[in-house]
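K.L.:
Have a look at the structure that comes next, please.
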Amino acid sequence: MTATVAQLADRVLRRLGIVIVADSAALSGTVTTTAIATRALQIVGLVIPAAQRTLNPALTLAADIAWLVLQRLGVIASDEVQSPTDQATAFFAVNAVHDALVGQGLVSWTSDTIPRAVAEEYIVLASIQLASVFGKVADPTQTAVMEARIKHVALVMEAETLAEAQVQAVHQSLLAQGFISWVIGAVPEAVFEDYAQLTAMQLSSMFGPPMDAKAAPSIEARVRQVAMVMGAPGLAAQKVMAVHANLAARGKIRWSVLDLPDYLEQPYVEMASFLLAPEFAIKADPNWWAQGEMTINRFIALPSSGESVVAAYF
Amino acid sequence: MTILAMTLPVARRSPLYIPRRDLVLDVHDSLNLNLLIVASDNPDAAPLDLSGIGPAVRFIVWQAPSSWWDYGFRDYGWPIGRAVVSSVLGTISPTVPGSVSVAIPRNALACRGLRLGWSVQLDYAGDLSSIVWGALHLQPGAAGLLESDLDLLNDSFVPITDNGLEDILL
């Protein structure tokens with residue numbers, strides 16, 4: 001009966017309580033950046049993913065908004081033709097509103113591709129600017145409200161791109177801290193929710209009140225733990241081999257690593273546990289090593305042949 | 001019959017120690033040693049390709065010096081210069097890579113002393129190397145079980161016959 005290095009490594013992990021279940025299922029499933037980004041956006045309140053949102057693709061020209069502004073101010077009736085002067089004035093005001101929004105870094109679209117979703121907000125903002133020109137009274141407090149709504153729409157339209165960039169940032173941060181070894185295209189399913197939570201923490205201030213970031217260290221610690229558990233079998237196997245190499249270097253092995261007798265399982269596990277424990281911040285007992293070595297010394301002690309030994313004096 | 005299987009790496013882990021395997025047999029035992037010779041002492045080591053003409057594996061038994069310590073076999077010497085009791089060529093398996101079997105017939109080691117040494121020499125790719133060695137202790141059988149008709153063997157454990165082709169007895 002031969003114990004393999006992988007079997008011994010498995011036992012080391014169970015002995016230290018790192019991987020409890022024997023032959024635990026491999027963490028093979030991975031998730032995409034898009035999936036993490038979508039989940040992060042759901043956490044911050046953007047419930048419907050971009051793929052399911054049916055934003056009216058029809059766009060509104062600034063000139064159309066200008067005409068609607070004149071109607072809103074009562075300058076013209078809905079069936080009336082605007083004068084070129086009024087038209088130019090309103091058009092200028094709409095463009096000014098648009099430029100102000102661009103200037104504040106709130107929108108990325110052009111004045112000819114204004115989403116219909118913010119047409120009403122553009123009308124209100126332009127109306128506020130033009131009200132005094134046409135002898136009307138407007139409520140200037142609506143400016144901030146309308147701009148906030150436009151900002152939110154613009155954010156939602158860019159949400160997936162922003163969130164995916166943030167997932168990358170979270171991943172790079174974990175990588176830089178030496179917590180993980182996987183690439184961005186192979187994030188394990190096991191840390192899907194952790195990645196989403198960390199991403200959402202970064203995104204939350206854009207979409208509303210910022211989330212409490214106090215949980216971030218514990219989430220990162222969990223990701224680190226998952227990464228360590230994933231790498232644990234390899235690490236444990238390295239320690240088993242280190243025990244073997246140590247014994248070989250002192251001429252104490254009577255076997256190869258390919259035909260380890262099963263009675264060596266316990267001493268090898270004890271000694272490898274001693275080496276592996278610090279890697280997982282587990283306190284190692286030096287007796288583990290000593291006990292294992294003592295057992296091995298007993299196993300390799302050659303019984304007497306019974307033949308008399310001639311004493312030699314030097 | 002004692003059947004033992006061993007995996008023997010060719011590449012050594014330590015420059016100080018030649019891999020060692022100790023054996024204890026009954027003085028009248030036969031021994032079937034099934035060796036798997038691999039490139040190195042690693043879990044993914046590949047068996048050595050011993051097929052073709054050239055590679056050879058030799059099992060050597062040698063006389064231990066009488067001054068060898070018994071417990072723990074703390075010797076001062078390695079077989080070089082020791083008297084070779086016998087050597088046998090292993091049979092290389094034509095089908096299983098790296099597999100070699102060595103057969104020692106019963107009583108072959110009787111009357112050779114109780115404390116012997118053994119080693120395996122590999123002749124591979126034009127090089128000769130000892131890939132394993134160890135103590136070979138023979139437990140004396142009970143007096144009543146000693147066989148009286150022990151064949152006289154040559155160094156390769158083949159019975160020596162007289163002119164009439166009858167085995168010569170010890």
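Each chain of the structure tokens is named A, B, ... in the order shown, its residues numbered from 1; ligands are numbered from 1 in display order.
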Set out as a Markdown table a contact list for chain B and chain A with a cut-off of 9 Å, giving each residue of chain B that qualifies its closest atom pair and distance in Å to one decimal, counting only C-alpha atoms, ordered by chain and rising residue number.

P.N.:
```
| residue | atom | partner | partner_atom | distance |
| --- | --- | --- | --- | --- |
| B:Ala5 | CA | A:Asp259 | CA | 8.6 |
| B:Met6 | CA | A:Asp259 | CA | 6.8 |
| B:Thr7 | CA | A:Asp259 | CA | 6.0 |
| B:Leu8 | CA | A:Ser256 | CA | 6.7 |
| B:Pro9 | CA | A:Ser256 | CA | 7.1 |
| B:Arg13 | CA | A:Ala248 | CA | 6.5 |
| B:Ser14 | CA | A:Ala249 | CA | 5.2 |
| B:Pro15 | CA | A:Ala249 | CA | 8.2 |
| B:Leu16 | CA | A:Ala249 | CA | 7.5 |
| B:Tyr17 | CA | A:Gly251 | CA | 5.6 |
| B:Ile18 | CA | A:Gly251 | CA | 7.9 |
| B:Pro19 | CA | A:Arg254 | CA | 7.1 |
| B:Arg20 | CA | A:Arg254 | CA | 5.4 |
| B:Arg21 | CA | A:Arg254 | CA | 4.8 |
| B:Asp22 | CA | A:Leu302 | CA | 7.2 |
| B:Leu23 | CA | A:Leu302 | CA | 8.5 |
| B:Val24 | CA | A:Pro303 | CA | 8.0 |
| B:Ser40 | CA | A:Ser256 | CA | 9.0 |
| B:Asp41 | CA | A:Ser256 | CA | 5.8 |
| B:Asn42 | CA | A:Val257 | CA | 6.1 |
| B:Pro43 | CA | A:Leu258 | CA | 5.8 |
| B:Asp44 | CA | A:Leu258 | CA | 8.6 |
| B:Ala45 | CA | A:Leu258 | CA | 8.4 |
| B:Ser66 | CA | A:Val310 | CA | 5.8 |
| B:Ser67 | CA | A:Val310 | CA | 4.7 |
| B:Trp68 | CA | A:Val309 | CA | 6.7 |
| B:Trp69 | CA | A:Val309 | CA | 6.7 |
| B:Asp70 | CA | A:Ser304 | CA | 5.5 |
| B:Tyr71 | CA | A:Ser304 | CA | 5.6 |
| B:Gly72 | CA | A:Leu302 | CA | 5.0 |
| B:Phe73 | CA | A:Leu302 | CA | 6.6 |
| B:Gly113 | CA | A:Glu307 | CA | 8.0 |
| B:Leu114 | CA | A:Ser305 | CA | 6.0 |
| B:Arg115 | CA | A:Ser305 | CA | 6.1 |
| B:Gly134 | CA | A:Arg254 | CA | 8.9 |
| B:Ala135 | CA | A:Leu302 | CA | 8.2 |
| B:Leu136 | CA | A:Ser305 | CA | 8.7 |
| B:His137 | CA | A:Ser305 | CA | 5.3 |
| B:Leu138 | CA | A:Ser305 | CA | 6.3 |
| B:Gln139 | CA | A:Ser305 | CA | 6.3 |
| B:Pro140 | CA | A:Gly306 | CA | 8.4 |
```

K.L.:
What's the 7 Å shell around Asn95 of chain A, counting only C-alpha atoms, without same-chain residues fewer than 3 positions away, as a PyMOL selection string?

P.N.:
chain A and resi 62+91-92+98-99+111

K.L.:
Go ahead and save the picked residues with C-alpha atoms, as an mmCIF file, in the first residue's frame.

P.N.:
```cif
data_model
loop_
_atom_site.group_PDB
_atom_site.id
_atom_site.type_symbol
_atom_site.label_atom_id
_atom_site.label_comp_id
_atom_site.auth_asym_id
_atom_site.auth_seq_id
_atom_site.Cartn_x
_atom_site.Cartn_y
_atom_site.Cartn_z
ATOM 1 C CA ALA A 62 -31.297 70.451 -29.504
ATOM 2 C CA PHE A 91 -31.657 77.142 -29.477
ATOM 3 C CA PHE A 92 -28.829 79.129 -27.894
ATOM 4 C CA HIS A 98 -25.960 71.307 -22.798
ATOM 5 C CA ASP A 99 -22.525 72.942 -22.694
ATOM 6 C CA SER A 111 -26.277 68.259 -28.544
#
```

K.L.:
Neighbouring residues of Gln172 of chain A were defined as those with any atom within 9 Å, considering only C-alpha atoms; residues of the same chain fewer than 5 positions away were excluded. Please report them as a list in words.

P.N.:
Val167, Gln177 and Ile184 of chain A

K.L.:
For the residues selected in the previous step, produce a file with all heavy atoms as a PDB file, in the first residue's frame.

P.N.:
```
ATOM      1  N   VAL A 167     -14.466  46.721 -11.366  1.00  0.00           N
ATOM      2  CA  VAL A 167     -14.128  45.312 -11.083  1.00  0.00           C
ATOM      3  C   VAL A 167     -12.629  45.087 -11.345  1.00  0.00           C
ATOM      4  O   VAL A 167     -11.938  44.448 -10.556  1.00  0.00           O
ATOM      5  CB  VAL A 167     -14.973  44.352 -11.953  1.00  0.00           C
ATOM      6  CG1 VAL A 167     -14.501  42.918 -11.788  1.00  0.00           C
ATOM      7  CG2 VAL A 167     -16.442  44.463 -11.590  1.00  0.00           C
ATOM      8  N   GLN A 177      -1.936  43.254  -3.499  1.00  0.00           N
ATOM      9  CA  GLN A 177      -1.728  42.882  -2.094  1.00  0.00           C
ATOM     10  C   GLN A 177      -1.228  41.447  -1.952  1.00  0.00           C
ATOM     11  O   GLN A 177      -1.007  40.973  -0.836  1.00  0.00           O
ATOM     12  CB  GLN A 177      -3.043  43.044  -1.310  1.00  0.00           C
ATOM     13  CG  GLN A 177      -3.504  44.486  -1.189  1.00  0.00           C
ATOM     14  CD  GLN A 177      -4.831  44.587  -0.458  1.00  0.00           C
ATOM     15  OE1 GLN A 177      -4.866  44.498   0.759  1.00  0.00           O
ATOM     16  NE2 GLN A 177      -5.911  44.743  -1.194  1.00  0.00           N
ATOM     17  N   ILE A 184      -7.983  38.023 -14.370  1.00  0.00           N
ATOM     18  CA  ILE A 184      -9.303  38.651 -14.332  1.00  0.00           C
ATOM     19  C   ILE A 184     -10.347  37.824 -15.102  1.00  0.00           C
ATOM     20  O   ILE A 184     -11.520  37.829 -14.757  1.00  0.00           O
ATOM     21  CB  ILE A 184      -9.235  40.097 -14.881  1.00  0.00           C
ATOM     22  CG1 ILE A 184     -10.557  40.846 -14.678  1.00  0.00           C
ATOM     23  CG2 ILE A 184      -8.840  40.118 -16.348  1.00  0.00           C
ATOM     24  CD1 ILE A 184     -10.905  41.134 -13.257  1.00  0.00           C
TER      25      ILE A 184
END
```

K.L.:
Near Val137 of chain A, within 10 Å and counting only C-alpha atoms, which residues show up once chain neighbours fewer than 5 positions away are dropped, as a list in words?

P.N.:
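In the requested format, the answer is Leu73, Ser127, Ile128, Leu130, Ala131 and Ser132 of chain A.
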
K.L.:
What is the distance, in Å and to one decimal place, between atom CA of Ala46 of chain B and atom CA of Ala11 of chain B?

P.N.:
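Taking atom CA of Ala46 of chain B as the start and atom CA of Ala11 of chain B as the end point, the length is 11.6 Å.
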
K.L.:
What does the structure give for the distance between atom CA of Ile36 of chain A and atom CA of Ala176 of chain A, in Å to one decimal?

P.N.:
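Between atom CA of Ile36 of chain A and atom CA of Ala176 of chain A the gap is 19.5 Å.
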
K.L.:
Check segment 178-245 of chain A with DSSP on the backbone and list each residue it calls alpha helix (DSSP H), as a PDB file with N, CA and C atoms, in the first residue's frame.

P.N.:
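The resulting part24.pdb:
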```
ATOM      1  N   PHE A 192     -17.356  35.389  -6.173  1.00  0.00           N
ATOM      2  CA  PHE A 192     -18.225  36.248  -6.997  1.00  0.00           C
ATOM      3  C   PHE A 192     -18.872  37.346  -6.148  1.00  0.00           C
ATOM      4  N   GLU A 193     -19.492  36.951  -5.060  1.00  0.00           N
ATOM      5  CA  GLU A 193     -20.211  37.924  -4.234  1.00  0.00           C
ATOM      6  C   GLU A 193     -19.228  38.893  -3.556  1.00  0.00           C
ATOM      7  N   ASP A 194     -18.048  38.391  -3.203  1.00  0.00           N
ATOM      8  CA  ASP A 194     -17.049  39.254  -2.565  1.00  0.00           C
ATOM      9  C   ASP A 194     -16.560  40.331  -3.536  1.00  0.00           C
ATOM     10  N   TYR A 195     -16.290  39.911  -4.771  1.00  0.00           N
ATOM     11  CA  TYR A 195     -15.876  40.886  -5.791  1.00  0.00           C
ATOM     12  C   TYR A 195     -16.992  41.917  -5.996  1.00  0.00           C
ATOM     13  N   ALA A 196     -18.230  41.428  -6.059  1.00  0.00           N
ATOM     14  CA  ALA A 196     -19.358  42.337  -6.310  1.00  0.00           C
ATOM     15  C   ALA A 196     -19.500  43.337  -5.159  1.00  0.00           C
ATOM     16  N   GLN A 197     -19.343  42.855  -3.936  1.00  0.00           N
ATOM     17  CA  GLN A 197     -19.465  43.741  -2.767  1.00  0.00           C
ATOM     18  C   GLN A 197     -18.374  44.802  -2.779  1.00  0.00           C
ATOM     19  N   LEU A 198     -17.150  44.372  -3.056  1.00  0.00           N
ATOM     20  CA  LEU A 198     -16.038  45.335  -3.084  1.00  0.00           C
ATOM     21  C   LEU A 198     -16.241  46.361  -4.199  1.00  0.00           C
ATOM     22  N   THR A 199     -16.718  45.888  -5.348  1.00  0.00           N
ATOM     23  CA  THR A 199     -16.972  46.810  -6.468  1.00  0.00           C
ATOM     24  C   THR A 199     -18.087  47.779  -6.113  1.00  0.00           C
ATOM     25  N   ALA A 200     -19.144  47.248  -5.507  1.00  0.00           N
ATOM     26  CA  ALA A 200     -20.291  48.089  -5.139  1.00  0.00           C
ATOM     27  C   ALA A 200     -19.871  49.169  -4.148  1.00  0.00           C
ATOM     28  N   MET A 201     -18.970  48.837  -3.252  1.00  0.00           N
ATOM     29  CA  MET A 201     -18.507  49.840  -2.278  1.00  0.00           C
ATOM     30  C   MET A 201     -17.879  51.022  -2.993  1.00  0.00           C
ATOM     31  N   GLN A 202     -17.139  50.715  -4.050  1.00  0.00           N
ATOM     32  CA  GLN A 202     -16.479  51.784  -4.803  1.00  0.00           C
ATOM     33  C   GLN A 202     -17.484  52.572  -5.636  1.00  0.00           C
ATOM     34  N   LEU A 203     -18.507  51.873  -6.136  1.00  0.00           N
ATOM     35  CA  LEU A 203     -19.472  52.523  -7.033  1.00  0.00           C
ATOM     36  C   LEU A 203     -20.553  53.283  -6.275  1.00  0.00           C
ATOM     37  N   SER A 204     -20.784  52.894  -5.038  1.00  0.00           N
ATOM     38  CA  SER A 204     -21.988  53.367  -4.347  1.00  0.00           C
ATOM     39  C   SER A 204     -22.079  54.881  -4.257  1.00  0.00           C
ATOM     40  N   SER A 205     -20.948  55.551  -4.062  1.00  0.00           N
ATOM     41  CA  SER A 205     -21.003  57.011  -3.911  1.00  0.00           C
ATOM     42  C   SER A 205     -21.464  57.689  -5.193  1.00  0.00           C
ATOM     43  N   MET A 206     -21.335  57.006  -6.332  1.00  0.00           N
ATOM     44  CA  MET A 206     -21.796  57.597  -7.599  1.00  0.00           C
ATOM     45  C   MET A 206     -23.304  57.506  -7.727  1.00  0.00           C
ATOM     46  N   PHE A 207     -23.870  56.477  -7.128  1.00  0.00           N
ATOM     47  CA  PHE A 207     -25.291  56.216  -7.347  1.00  0.00           C
ATOM     48  C   PHE A 207     -26.157  56.576  -6.142  1.00  0.00           C
ATOM     49  N   ALA A 216     -14.848  46.046   4.068  1.00  0.00           N
ATOM     50  CA  ALA A 216     -13.899  45.708   2.992  1.00  0.00           C
ATOM     51  C   ALA A 216     -12.748  44.811   3.464  1.00  0.00           C
ATOM     52  N   PRO A 217     -12.090  45.133   4.588  1.00  0.00           N
ATOM     53  CA  PRO A 217     -10.976  44.251   5.003  1.00  0.00           C
ATOM     54  C   PRO A 217     -11.413  42.809   5.244  1.00  0.00           C
ATOM     55  N   SER A 218     -12.592  42.628   5.831  1.00  0.00           N
ATOM     56  CA  SER A 218     -13.030  41.254   6.094  1.00  0.00           C
ATOM     57  C   SER A 218     -13.382  40.538   4.786  1.00  0.00           C
ATOM     58  N   ILE A 219     -13.939  41.285   3.819  1.00  0.00           N
ATOM     59  CA  ILE A 219     -14.239  40.663   2.521  1.00  0.00           C
ATOM     60  C   ILE A 219     -12.933  40.299   1.812  1.00  0.00           C
ATOM     61  N   GLU A 220     -11.966  41.201   1.866  1.00  0.00           N
ATOM     62  CA  GLU A 220     -10.668  40.905   1.241  1.00  0.00           C
ATOM     63  C   GLU A 220     -10.008  39.705   1.918  1.00  0.00           C
ATOM     64  N   ALA A 221     -10.153  39.621   3.227  1.00  0.00           N
ATOM     65  CA  ALA A 221      -9.581  38.476   3.955  1.00  0.00           C
ATOM     66  C   ALA A 221     -10.234  37.177   3.494  1.00  0.00           C
ATOM     67  N   ARG A 222     -11.538  37.250   3.212  1.00  0.00           N
ATOM     68  CA  ARG A 222     -12.242  36.055   2.743  1.00  0.00           C
ATOM     69  C   ARG A 222     -11.732  35.633   1.361  1.00  0.00           C
ATOM     70  N   VAL A 223     -11.533  36.643   0.489  1.00  0.00           N
ATOM     71  CA  VAL A 223     -10.993  36.344  -0.847  1.00  0.00           C
ATOM     72  C   VAL A 223      -9.605  35.704  -0.702  1.00  0.00           C
ATOM     73  N   ARG A 224      -8.827  36.263   0.201  1.00  0.00           N
ATOM     74  CA  ARG A 224      -7.475  35.727   0.448  1.00  0.00           C
ATOM     75  C   ARG A 224      -7.559  34.281   0.920  1.00  0.00           C
ATOM     76  N   GLN A 225      -8.515  34.032   1.812  1.00  0.00           N
ATOM     77  CA  GLN A 225      -8.684  32.680   2.341  1.00  0.00           C
ATOM     78  C   GLN A 225      -9.052  31.701   1.226  1.00  0.00           C
ATOM     79  N   VAL A 226      -9.981  32.133   0.368  1.00  0.00           N
ATOM     80  CA  VAL A 226     -10.394  31.278  -0.758  1.00  0.00           C
ATOM     81  C   VAL A 226      -9.178  30.996  -1.648  1.00  0.00           C
ATOM     82  N   ALA A 227      -8.396  32.058  -1.926  1.00  0.00           N
ATOM     83  CA  ALA A 227      -7.212  31.875  -2.780  1.00  0.00           C
ATOM     84  C   ALA A 227      -6.233  30.893  -2.134  1.00  0.00           C
ATOM     85  N   MET A 228      -6.086  31.010  -0.828  1.00  0.00           N
ATOM     86  CA  MET A 228      -5.151  30.116  -0.132  1.00  0.00           C
ATOM     87  C   MET A 228      -5.658  28.682  -0.129  1.00  0.00           C
ATOM     88  N   VAL A 229      -6.960  28.537   0.063  1.00  0.00           N
ATOM     89  CA  VAL A 229      -7.522  27.179   0.058  1.00  0.00           C
ATOM     90  C   VAL A 229      -7.374  26.560  -1.330  1.00  0.00           C
ATOM     91  N   MET A 230      -7.574  27.397  -2.355  1.00  0.00           N
ATOM     92  CA  MET A 230      -7.413  26.879  -3.720  1.00  0.00           C
ATOM     93  C   MET A 230      -5.972  26.446  -3.966  1.00  0.00           C
ATOM     94  N   GLY A 231      -5.041  27.195  -3.400  1.00  0.00           N
ATOM     95  CA  GLY A 231      -3.631  26.852  -3.594  1.00  0.00           C
ATOM     96  C   GLY A 231      -3.110  25.885  -2.550  1.00  0.00           C
ATOM     97  N   ALA A 232      -3.969  25.581  -1.563  1.00  0.00           N
ATOM     98  CA  ALA A 232      -3.524  24.767  -0.425  1.00  0.00           C
ATOM     99  C   ALA A 232      -3.015  23.375  -0.810  1.00  0.00           C
ATOM    100  N   PRO A 233      -3.723  22.650  -1.691  1.00  0.00           N
ATOM    101  CA  PRO A 233      -3.211  21.309  -2.016  1.00  0.00           C
ATOM    102  C   PRO A 233      -1.790  21.351  -2.576  1.00  0.00           C
ATOM    103  N   GLY A 234      -1.540  22.316  -3.453  1.00  0.00           N
ATOM    104  CA  GLY A 234      -0.194  22.442  -4.016  1.00  0.00           C
ATOM    105  C   GLY A 234       0.823  22.799  -2.953  1.00  0.00           C
ATOM    106  N   LEU A 235       0.408  23.712  -2.067  1.00  0.00           N
ATOM    107  CA  LEU A 235       1.304  24.149  -0.990  1.00  0.00           C
ATOM    108  C   LEU A 235       1.598  22.992  -0.033  1.00  0.00           C
ATOM    109  N   ALA A 236       0.547  22.249   0.293  1.00  0.00           N
ATOM    110  CA  ALA A 236       0.716  21.109   1.202  1.00  0.00           C
ATOM    111  C   ALA A 236       1.608  20.045   0.564  1.00  0.00           C
ATOM    112  N   ALA A 237       1.427  19.826  -0.739  1.00  0.00           N
ATOM    113  CA  ALA A 237       2.268  18.842  -1.438  1.00  0.00           C
ATOM    114  C   ALA A 237       3.732  19.281  -1.409  1.00  0.00           C
ATOM    115  N   GLN A 238       3.937  20.599  -1.543  1.00  0.00           N
ATOM    116  CA  GLN A 238       5.309  21.124  -1.462  1.00  0.00           C
ATOM    117  C   GLN A 238       5.929  20.806  -0.098  1.00  0.00           C
ATOM    118  N   LYS A 239       5.121  20.940   0.949  1.00  0.00           N
ATOM    119  CA  LYS A 239       5.644  20.698   2.301  1.00  0.00           C
ATOM    120  C   LYS A 239       5.936  19.213   2.508  1.00  0.00           C
ATOM    121  N   VAL A 240       5.086  18.360   1.960  1.00  0.00           N
ATOM    122  CA  VAL A 240       5.346  16.914   2.054  1.00  0.00           C
ATOM    123  C   VAL A 240       6.671  16.595   1.359  1.00  0.00           C
ATOM    124  N   MET A 241       6.861  17.209   0.190  1.00  0.00           N
ATOM    125  CA  MET A 241       8.113  16.989  -0.531  1.00  0.00           C
ATOM    126  C   MET A 241       9.300  17.579   0.235  1.00  0.00           C
ATOM    127  N   ALA A 242       9.046  18.679   0.951  1.00  0.00           N
ATOM    128  CA  ALA A 242      10.117  19.288   1.748  1.00  0.00           C
ATOM    129  C   ALA A 242      10.538  18.351   2.871  1.00  0.00           C
ATOM    130  N   VAL A 243       9.566  17.682   3.473  1.00  0.00           N
ATOM    131  CA  VAL A 243       9.875  16.693   4.518  1.00  0.00           C
ATOM    132  C   VAL A 243      10.727  15.573   3.918  1.00  0.00           C
ATOM    133  N   HIS A 244      10.292  15.105   2.750  1.00  0.00           N
ATOM    134  CA  HIS A 244      11.003  14.007   2.086  1.00  0.00           C
ATOM    135  C   HIS A 244      12.442  14.429   1.753  1.00  0.00           C
ATOM    136  N   ALA A 245      12.571  15.652   1.211  1.00  0.00           N
ATOM    137  CA  ALA A 245      13.904  16.144   0.834  1.00  0.00           C
ATOM    138  C   ALA A 245      14.786  16.297   2.068  1.00  0.00           C
TER     139      ALA A 245
END
```

K.L.:
Write out, as a Markdown table, each residue of segment 3-81 of chain A that has an atom at most 8 Å from segment 267-278 of chain A, together with the closest pair of atoms and their distance in Å to one decimal, counting only C-alpha atoms, rows going by chain and rising number.

P.N.:
```
| residue | atom | partner | partner_atom | distance |
| --- | --- | --- | --- | --- |
| A:Leu8 | CA | A:Val269 | CA | 6.1 |
| A:Ala9 | CA | A:Val269 | CA | 7.4 |
| A:Arg11 | CA | A:Val269 | CA | 6.6 |
| A:Val12 | CA | A:Val269 | CA | 5.3 |
| A:Leu13 | CA | A:Ser273 | CA | 7.8 |
| A:Arg15 | CA | A:Ser273 | CA | 7.4 |
| A:Leu16 | CA | A:Ser273 | CA | 6.9 |
```

K.L.:
Generate the output file for the selected residues, all heavy atoms, as a JSON list (two decimals), in the first residue's frame.

P.N.:
```
[["chain", "number", "residue", "atom", "x", "y", "z"],
["A", 8, "LEU", "N", -1.18, 12.48, 1.11],
["A", 8, "LEU", "CA", -0.58, 13.02, 2.33],
["A", 8, "LEU", "C", -0.89, 14.50, 2.47],
["A", 8, "LEU", "O", -1.21, 14.99, 3.56],
["A", 8, "LEU", "CB", 0.93, 12.79, 2.33],
["A", 8, "LEU", "CG", 1.40, 11.33, 2.34],
["A", 8, "LEU", "CD1", 2.92, 11.26, 2.33],
["A", 8, "LEU", "CD2", 0.87, 10.61, 3.57],
["A", 9, "ALA", "N", -0.80, 15.23, 1.35],
["A", 9, "ALA", "CA", -1.10, 16.67, 1.37],
["A", 9, "ALA", "C", -2.54, 16.90, 1.82],
["A", 9, "ALA", "O", -2.84, 17.81, 2.61],
["A", 9, "ALA", "CB", -0.86, 17.27, -0.01],
["A", 11, "ARG", "N", -4.28, 15.01, 3.74],
["A", 11, "ARG", "CA", -4.38, 14.75, 5.18],
["A", 11, "ARG", "C", -3.78, 15.88, 6.01],
["A", 11, "ARG", "O", -4.27, 16.20, 7.09],
["A", 11, "ARG", "CB", -3.66, 13.43, 5.52],
["A", 11, "ARG", "CG", -4.51, 12.21, 5.20],
["A", 11, "ARG", "CD", -4.10, 11.04, 6.05],
["A", 11, "ARG", "NE", -4.15, 11.34, 7.48],
["A", 11, "ARG", "CZ", -3.72, 10.52, 8.42],
["A", 11, "ARG", "NH1", -3.24, 9.36, 8.11],
["A", 11, "ARG", "NH2", -3.79, 10.86, 9.69],
["A", 12, "VAL", "N", -2.73, 16.47, 5.49],
["A", 12, "VAL", "CA", -2.13, 17.62, 6.18],
["A", 12, "VAL", "C", -3.16, 18.75, 6.29],
["A", 12, "VAL", "O", -3.33, 19.36, 7.34],
["A", 12, "VAL", "CB", -0.87, 18.12, 5.43],
["A", 12, "VAL", "CG1", -0.38, 19.45, 5.98],
["A", 12, "VAL", "CG2", 0.24, 17.08, 5.51],
["A", 13, "LEU", "N", -3.85, 19.00, 5.18],
["A", 13, "LEU", "CA", -4.84, 20.09, 5.16],
["A", 13, "LEU", "C", -5.98, 19.82, 6.12],
["A", 13, "LEU", "O", -6.48, 20.72, 6.79],
["A", 13, "LEU", "CB", -5.38, 20.28, 3.73],
["A", 13, "LEU", "CG", -4.35, 20.79, 2.73],
["A", 13, "LEU", "CD1", -4.93, 20.81, 1.33],
["A", 13, "LEU", "CD2", -3.87, 22.19, 3.11],
["A", 15, "ARG", "N", -5.74, 17.90, 8.78],
["A", 15, "ARG", "CA", -5.20, 17.94, 10.15],
["A", 15, "ARG", "C", -5.17, 19.38, 10.67],
["A", 15, "ARG", "O", -5.43, 19.64, 11.84],
["A", 15, "ARG", "CB", -3.79, 17.36, 10.14],
["A", 15, "ARG", "CG", -3.17, 17.20, 11.51],
["A", 15, "ARG", "CD", -1.84, 16.48, 11.38],
["A", 15, "ARG", "NE", -1.39, 15.99, 12.66],
["A", 15, "ARG", "CZ", -0.62, 16.67, 13.50],
["A", 15, "ARG", "NH1", -0.23, 17.87, 13.18],
["A", 15, "ARG", "NH2", -0.25, 16.14, 14.65],
["A", 16, "LEU", "N", -4.85, 20.31, 9.77],
["A", 16, "LEU", "CA", -4.75, 21.71, 10.19],
["A", 16, "LEU", "C", -6.10, 22.43, 10.10],
["A", 16, "LEU", "O", -6.20, 23.61, 10.43],
["A", 16, "LEU", "CB", -3.73, 22.45, 9.32],
["A", 16, "LEU", "CG", -2.27, 21.99, 9.49],
["A", 16, "LEU", "CD1", -1.37, 22.69, 8.49],
["A", 16, "LEU", "CD2", -1.79, 22.25, 10.91]]
```

K.L.:
Under the rule that only C-alpha atoms are counted, which of A:Met211, A:Ala50, A:Met146, A:Val19 is the nearest residue to Phe280 of chain A?

P.N.:
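Looking only at the distances to Phe280 of chain A, the closest residue turns out to be A:Val19.
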
K.L.:
Rounded to one decimal, what separation in Å do you get between atom CA of Asp64 of chain A and atom CA of Ile150 of chain A?

P.N.:
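That distance, rounded to one decimal, is 17.8 Å.
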
K.L.:
From a DSSP calculation on the backbone, collect every residue of segment 78-143 of chain B in strand (DSSP E) and output the set as a ChimeraX atom specification.

P.N.:
/B:84-89,91-92,99-104,115-124,127-139

K.L.:
Which is closest to Thr2 of chain B among B:Val84, B:Val102, B:Phe59, B:Leu89, if we use only C-alpha atoms?

P.N.:
B:Val102

K.L.:
Neighbouring residues of segment 109-112 of chain B were defined as those with any atom within 8 Å, considering only C-alpha atoms; residues of the same chain fewer than 5 positions away were excluded. Please report them as an MDAnalysis selection string.

P.N.:
chainID B and resid 27:28 63 85
